[in-house]
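S.K.: The file below is protein_3.tsv, TSV, C-alpha atoms:
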```
chain	number	residue	atom	x	y	z
A	26	MET	CA	16.49	34.83	2.94
A	27	SER	CA	16.47	31.02	2.54
A	28	ASN	CA	14.56	29.37	-0.33
A	29	ALA	CA	14.89	25.93	1.16
A	30	PRO	CA	11.64	23.92	0.97
A	31	VAL	CA	9.64	23.64	4.14
A	32	PRO	CA	9.94	20.07	5.48
A	33	LEU	CA	6.71	18.11	5.34
A	34	ARG	CA	5.14	16.64	8.46
A	35	GLN	CA	4.60	12.90	8.74
A	36	GLY	CA	1.71	13.66	11.04
A	37	SER	CA	-0.96	11.33	12.33
A	38	PRO	CA	-1.18	7.91	10.59
A	39	VAL	CA	-4.95	7.96	11.10
A	40	LYS	CA	-5.26	11.33	9.40
A	41	ARG	CA	-2.98	10.23	6.55
A	42	VAL	CA	-5.19	7.21	5.89
A	43	ALA	CA	-8.30	9.40	5.92
A	44	ILE	CA	-6.68	11.87	3.52
A	45	ALA	CA	-5.54	9.11	1.17
A	46	ARG	CA	-9.03	7.60	1.01
A	47	ALA	CA	-10.70	10.94	0.51
A	48	SER	CA	-8.23	12.13	-2.13
A	49	LEU	CA	-8.59	8.93	-4.15
A	50	GLU	CA	-12.37	9.27	-4.06
A	51	VAL	CA	-12.32	12.94	-5.11
A	52	PHE	CA	-9.61	12.58	-7.79
A	53	VAL	CA	-11.40	9.59	-9.33
A	54	ARG	CA	-14.74	11.40	-9.32
A	55	GLU	CA	-13.57	14.84	-10.46
A	56	GLY	CA	-10.25	14.31	-12.23
A	57	TYR	CA	-7.12	16.22	-11.26
A	58	ALA	CA	-8.04	19.68	-12.58
A	59	ARG	CA	-11.52	19.86	-11.04
A	60	ALA	CA	-10.65	18.19	-7.74
A	61	SER	CA	-10.23	20.69	-4.91
A	62	VAL	CA	-8.16	20.38	-1.79
A	63	ASP	CA	-11.09	21.90	0.09
A	64	ALA	CA	-13.34	19.00	-0.97
A	65	ILE	CA	-10.68	16.45	-0.02
A	66	ALA	CA	-10.16	18.07	3.38
A	67	ALA	CA	-13.90	18.12	4.06
A	68	SER	CA	-14.27	14.46	3.08
A	69	ALA	CA	-11.27	13.45	5.20
A	70	GLY	CA	-12.42	15.46	8.20
A	71	VAL	CA	-9.18	17.44	8.40
A	72	SER	CA	-8.18	21.03	7.73
A	73	LYS	CA	-6.85	22.19	4.38
A	74	ARG	CA	-3.72	23.33	6.22
A	75	THR	CA	-3.13	19.76	7.43
A	76	ILE	CA	-3.14	18.46	3.86
A	77	TYR	CA	-0.59	21.09	2.80
A	78	ASP	CA	1.54	20.33	5.86
A	79	TYR	CA	1.55	16.61	5.01
A	80	TYR	CA	1.85	16.74	1.21
A	81	GLY	CA	3.05	20.20	0.20
A	82	ASP	CA	0.66	20.85	-2.67
A	83	LYS	CA	-2.16	19.34	-4.72
A	84	GLU	CA	0.19	17.78	-7.28
A	85	GLN	CA	2.19	15.91	-4.66
A	86	LEU	CA	-1.03	14.80	-2.99
A	87	PHE	CA	-2.26	13.41	-6.31
A	88	LEU	CA	0.98	11.56	-7.10
A	89	SER	CA	1.27	10.25	-3.53
A	90	THR	CA	-2.32	9.01	-3.60
A	91	LEU	CA	-1.75	7.05	-6.80
A	92	ARG	CA	1.58	5.70	-5.55
A	93	GLU	CA	0.07	4.46	-2.29
A	94	THR	CA	-2.89	2.93	-4.15
A	95	GLN	CA	-0.58	1.09	-6.53
A	96	GLU	CA	1.58	-0.11	-3.64
A	97	ALA	CA	-1.52	-1.54	-1.94
A	98	GLN	CA	-2.54	-3.27	-5.18
A	99	THR	CA	0.95	-4.72	-5.56
A	100	ALA	CA	0.88	-6.05	-1.99
A	101	ALA	CA	-2.49	-7.71	-2.67
A	102	PHE	CA	-1.09	-9.19	-5.89
A	103	ASN	CA	1.89	-10.63	-4.04
A	104	GLU	CA	-0.50	-12.31	-1.61
A	105	LEU	CA	-2.39	-13.74	-4.58
A	106	LEU	CA	0.86	-15.13	-6.00
A	107	ASP	CA	1.76	-16.76	-2.69
A	108	ARG	CA	-1.72	-18.23	-2.37
A	109	THR	CA	-1.91	-19.66	-5.90
A	110	LEU	CA	1.67	-20.19	-7.08
A	111	GLY	CA	3.38	-20.79	-3.76
A	112	ARG	CA	3.06	-24.51	-3.05
A	113	PHE	CA	1.30	-26.84	-5.47
A	114	ASP	CA	1.47	-30.28	-7.10
A	115	ASP	CA	0.27	-29.45	-10.63
A	116	VAL	CA	1.66	-26.39	-12.43
A	117	GLU	CA	-1.27	-26.15	-14.85
A	118	ALA	CA	-3.83	-26.29	-12.04
A	119	ALA	CA	-1.85	-23.69	-10.08
A	120	LEU	CA	-1.66	-21.35	-13.07
A	121	ILE	CA	-5.39	-21.75	-13.62
A	122	ARG	CA	-6.03	-20.86	-9.97
A	123	PHE	CA	-3.83	-17.81	-10.39
A	124	GLY	CA	-5.44	-16.81	-13.67
A	125	ARG	CA	-8.97	-17.22	-12.36
A	126	GLU	CA	-8.38	-15.24	-9.15
A	127	PHE	CA	-6.46	-12.50	-10.95
A	128	ALA	CA	-9.11	-12.20	-13.68
A	129	ILE	CA	-11.90	-12.01	-11.10
A	130	GLU	CA	-10.01	-9.31	-9.21
A	131	ILE	CA	-9.53	-7.32	-12.42
A	132	ALA	CA	-13.17	-7.73	-13.43
A	133	ARG	CA	-14.70	-6.97	-10.03
A	134	SER	CA	-12.46	-4.22	-8.63
A	135	ALA	CA	-14.21	-0.91	-9.22
A	136	GLU	CA	-11.28	0.89	-7.60
A	137	ARG	CA	-8.70	-0.68	-9.90
A	138	ALA	CA	-10.74	0.21	-13.00
A	139	ALA	CA	-11.33	3.77	-11.77
A	140	VAL	CA	-7.65	4.32	-11.00
A	141	MET	CA	-6.66	3.02	-14.43
A	142	ARG	CA	-9.10	5.41	-16.12
A	143	LEU	CA	-7.76	8.27	-14.00
A	144	MET	CA	-4.15	7.50	-14.92
A	145	ILE	CA	-5.00	7.28	-18.62
A	146	ALA	CA	-6.79	10.62	-18.44
A	147	GLU	CA	-3.96	12.38	-16.62
A	148	VAL	CA	-0.80	10.76	-17.98
A	149	SER	CA	-0.23	13.48	-20.59
A	150	HIS	CA	0.03	16.01	-17.75
A	151	PHE	CA	2.01	13.75	-15.43
A	152	PRO	CA	4.65	11.77	-17.40
A	153	ALA	CA	5.80	10.21	-14.11
A	154	LEU	CA	2.61	8.12	-14.17
A	155	LEU	CA	3.70	6.50	-17.44
A	156	GLU	CA	7.17	5.82	-16.08
A	157	ARG	CA	5.67	4.23	-12.99
A	158	ALA	CA	3.27	2.10	-15.03
A	159	SER	CA	6.12	1.00	-17.30
A	160	ALA	CA	8.13	-0.13	-14.28
A	161	GLY	CA	5.37	-2.72	-13.76
A	162	SER	CA	5.79	-3.82	-10.15
A	163	VAL	CA	2.98	-6.35	-10.61
A	164	GLN	CA	4.54	-7.65	-13.82
A	165	ARG	CA	7.94	-7.86	-12.13
A	166	ALA	CA	6.49	-9.85	-9.23
A	167	LEU	CA	4.87	-12.30	-11.65
A	168	ALA	CA	8.06	-12.47	-13.72
A	169	ASP	CA	10.07	-13.40	-10.63
A	170	ARG	CA	7.61	-16.18	-9.80
A	171	LEU	CA	7.68	-17.54	-13.36
A	172	ALA	CA	11.49	-17.48	-13.28
A	173	GLU	CA	11.39	-19.57	-10.10
A	174	LEU	CA	9.08	-22.08	-11.79
A	175	ALA	CA	11.47	-22.22	-14.75
A	176	GLU	CA	14.40	-22.92	-12.42
A	177	LEU	CA	12.41	-25.83	-11.00
A	178	GLY	CA	11.97	-27.20	-14.51
A	179	LEU	CA	8.23	-26.58	-14.55
A	180	LEU	CA	8.25	-23.95	-17.31
A	181	ASP	CA	10.46	-23.09	-20.27
A	182	VAL	CA	10.98	-19.33	-19.84
A	183	SER	CA	13.94	-17.44	-21.30
A	184	ASP	CA	12.51	-13.93	-20.79
A	185	PRO	CA	10.46	-13.82	-17.55
A	186	MET	CA	9.24	-10.24	-18.04
A	187	GLU	CA	7.89	-11.05	-21.49
A	188	ALA	CA	6.32	-14.29	-20.24
A	189	ALA	CA	4.67	-12.41	-17.36
A	190	GLU	CA	3.27	-9.83	-19.76
A	191	PHE	CA	1.82	-12.54	-21.99
A	192	LEU	CA	0.31	-14.45	-19.07
A	193	GLY	CA	-1.28	-11.30	-17.70
A	194	LEU	CA	-2.77	-10.45	-21.07
A	195	LEU	CA	-3.96	-13.99	-21.73
A	196	VAL	CA	-5.85	-14.36	-18.46
A	197	THR	CA	-7.28	-10.82	-18.27
A	198	GLY	CA	-7.45	-9.48	-21.83
A	199	ARG	CA	-10.70	-11.10	-22.93
A	200	VAL	CA	-12.20	-10.54	-19.48
A	201	ASN	CA	-11.47	-6.83	-19.80
A	202	ASN	CA	-12.89	-6.70	-23.32
A	203	ARG	CA	-16.08	-8.60	-22.53
A	204	SER	CA	-16.72	-6.76	-19.28
A	205	TRP	CA	-15.88	-3.37	-20.81
A	206	TYR	CA	-13.22	-3.01	-18.11
A	207	GLY	CA	-15.60	-3.78	-15.28
A	208	ALA	CA	-18.68	-1.97	-16.61
A	209	VAL	CA	-20.50	-5.22	-17.48
A	210	GLN	CA	-20.74	-7.98	-14.87
A	211	LEU	CA	-19.42	-11.41	-15.90
A	212	ASP	CA	-20.29	-14.48	-13.85
A	213	ASP	CA	-17.61	-16.64	-12.25
A	214	ALA	CA	-18.10	-19.47	-14.74
A	215	GLU	CA	-17.44	-17.19	-17.72
A	216	ILE	CA	-14.37	-15.65	-16.10
A	217	THR	CA	-13.04	-19.11	-15.27
A	218	ARG	CA	-13.57	-20.30	-18.85
A	219	LEU	CA	-11.69	-17.31	-20.24
A	220	ALA	CA	-8.84	-17.68	-17.73
A	221	VAL	CA	-8.48	-21.42	-18.39
A	222	GLY	CA	-8.23	-20.75	-22.12
A	223	GLY	CA	-5.54	-18.15	-21.52
A	224	VAL	CA	-3.48	-20.47	-19.33
A	225	GLN	CA	-3.70	-23.29	-21.86
A	226	ILE	CA	-2.38	-21.00	-24.60
A	227	PHE	CA	0.38	-19.81	-22.27
A	228	LEU	CA	1.47	-23.39	-21.57
A	229	ARG	CA	1.63	-24.17	-25.27
A	230	ALA	CA	4.30	-21.48	-25.53
A	231	TYR	CA	6.05	-21.82	-22.16
A	232	GLY	CA	5.23	-25.27	-20.82
A	233	ARG	CA	7.82	-28.00	-20.63
A	234	PRO	CA	7.43	-30.70	-23.31
A	235	ARG	CA	5.21	-32.88	-21.11
A	236	GLU	CA	2.77	-29.96	-20.62
A	237	ARG	CA	2.66	-28.93	-24.26
```
Here is a file; write its structure as structure tokens.
M.R.:
Amino acid sequence: MSNAPVPLRQGSPVKRVAIARASLEVFVREGYARASVDAIAASAGVSKRTIYDYYGDKEQLFLSTLRETQEAQTAAFNELLDRTLGRFDDVEAALIRFGREFAIEIARSAERAAVMRLMIAEVSHFPALLERASAGSVQRALADRLAELAELGLLDVSDPMEAAEFLGLLVTGRVNNRSWYGAVQLDDAEITRLAVGGVQIFLRAYGRPRER
């Protein structure tokens, strides 16, 4: 008798989207242990059997949901990079645009904050979440862009990953602290002020001599 795993169905793209949305909502609200596949199926408007056919089990559904959510966030971040650090005349102004938009996204995205809380709560049970977070696809994308700016002579960056980590912290750290990670609303002017301060500190460390 064969013990080979049953191949999963790709199934309907529409149903997969509905399942992904429903599972994120239920996992965020209930946590992994309390979330039920029955509740996810009911919210998605599909059968429980369909979820098992598509994902195999609850654990794989959970990990797939977080992976797809992070991939969507990374795609949105790449668009932000292209919009703010793609073509520009003034590197400081471009970095401020990036910092402001990124900080606003961090402060105003209820989904991002909820997913982060969920990952923190569940990482001890799912070490793969920590490995995925450490890989830092968003940080890598920013590091690649900072490396390009360094090659153009606009920044002085010897370690792009470290520089990207510092820039991310400088433009979002105080916003996170003052907003209690999205629980308290900050106005655009306050977020801009905090982001500008972070960029100015970043340029003192990584700007070319004329920007320092």
S.K.: Would you work out the distance separating atom CA of A:Gln98 from atom CA of A:Val221, expressed in Å to one decimal?
M.R.: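 One can read the atom CA of A:Gln98 to atom CA of A:Val221 distance as 23.2 Å.
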S.K.: For stretch 85-94 of chain A, list every protein, DNA or RNA residue within 9 Å, evaluated using only C-alpha atoms, and leave out those in the same chain fewer than 6 positions away; present the list as a ChimeraX atom specification.
M.R.: /A:44-46,48-49,52,57,76-77,79,137,140,144,151,153-154,157
S.K.: Would you kindly return, as a PDB file with C-alpha atoms, in the frame of the given file, each protein, DNA or RNA residue with an atom no farther than 8 Å from any atom of stretch 202-213 of chain A, considering all atoms listed in the file and excluding same-chain residues fewer than 6 positions away?
M.R.:
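The result, written out as part31.pdb:
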```
ATOM      1  CA  ILE A 129     -11.900 -12.010 -11.100  1.00  0.00           C
ATOM      2  CA  ILE A 131      -9.530  -7.320 -12.420  1.00  0.00           C
ATOM      3  CA  ALA A 132     -13.170  -7.730 -13.430  1.00  0.00           C
ATOM      4  CA  ARG A 133     -14.700  -6.970 -10.030  1.00  0.00           C
ATOM      5  CA  SER A 134     -12.460  -4.220  -8.630  1.00  0.00           C
ATOM      6  CA  ALA A 135     -14.210  -0.910  -9.220  1.00  0.00           C
ATOM      7  CA  ALA A 138     -10.740   0.210 -13.000  1.00  0.00           C
TER       8      ALA A 138
END
```
S.K.: Report, in Å to a single decimal, how far apart atom CA of A:Ala101 and atom CA of A:Gly232 are.
M.R.: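 Interatomic distance, atom CA of A:Gly232 to atom CA of A:Ala101: 26.4 Å.
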S.K.: To one decimal place in Å, what is the distance between atom CA of A:Glu176 and atom CA of A:Ala97?
M.R.: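 Taking atom CA of A:Glu176 and atom CA of A:Ala97, their separation equals 28.6 Å.
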S.K.: Pick out the closest residue to A:Leu174 from this set: A:Ala100, A:Arg233, A:Ser68, A:Asp78. Count all atoms listed in the file.
M.R.: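 Checking each candidate against A:Leu174, we get A:Arg233 as the closest.
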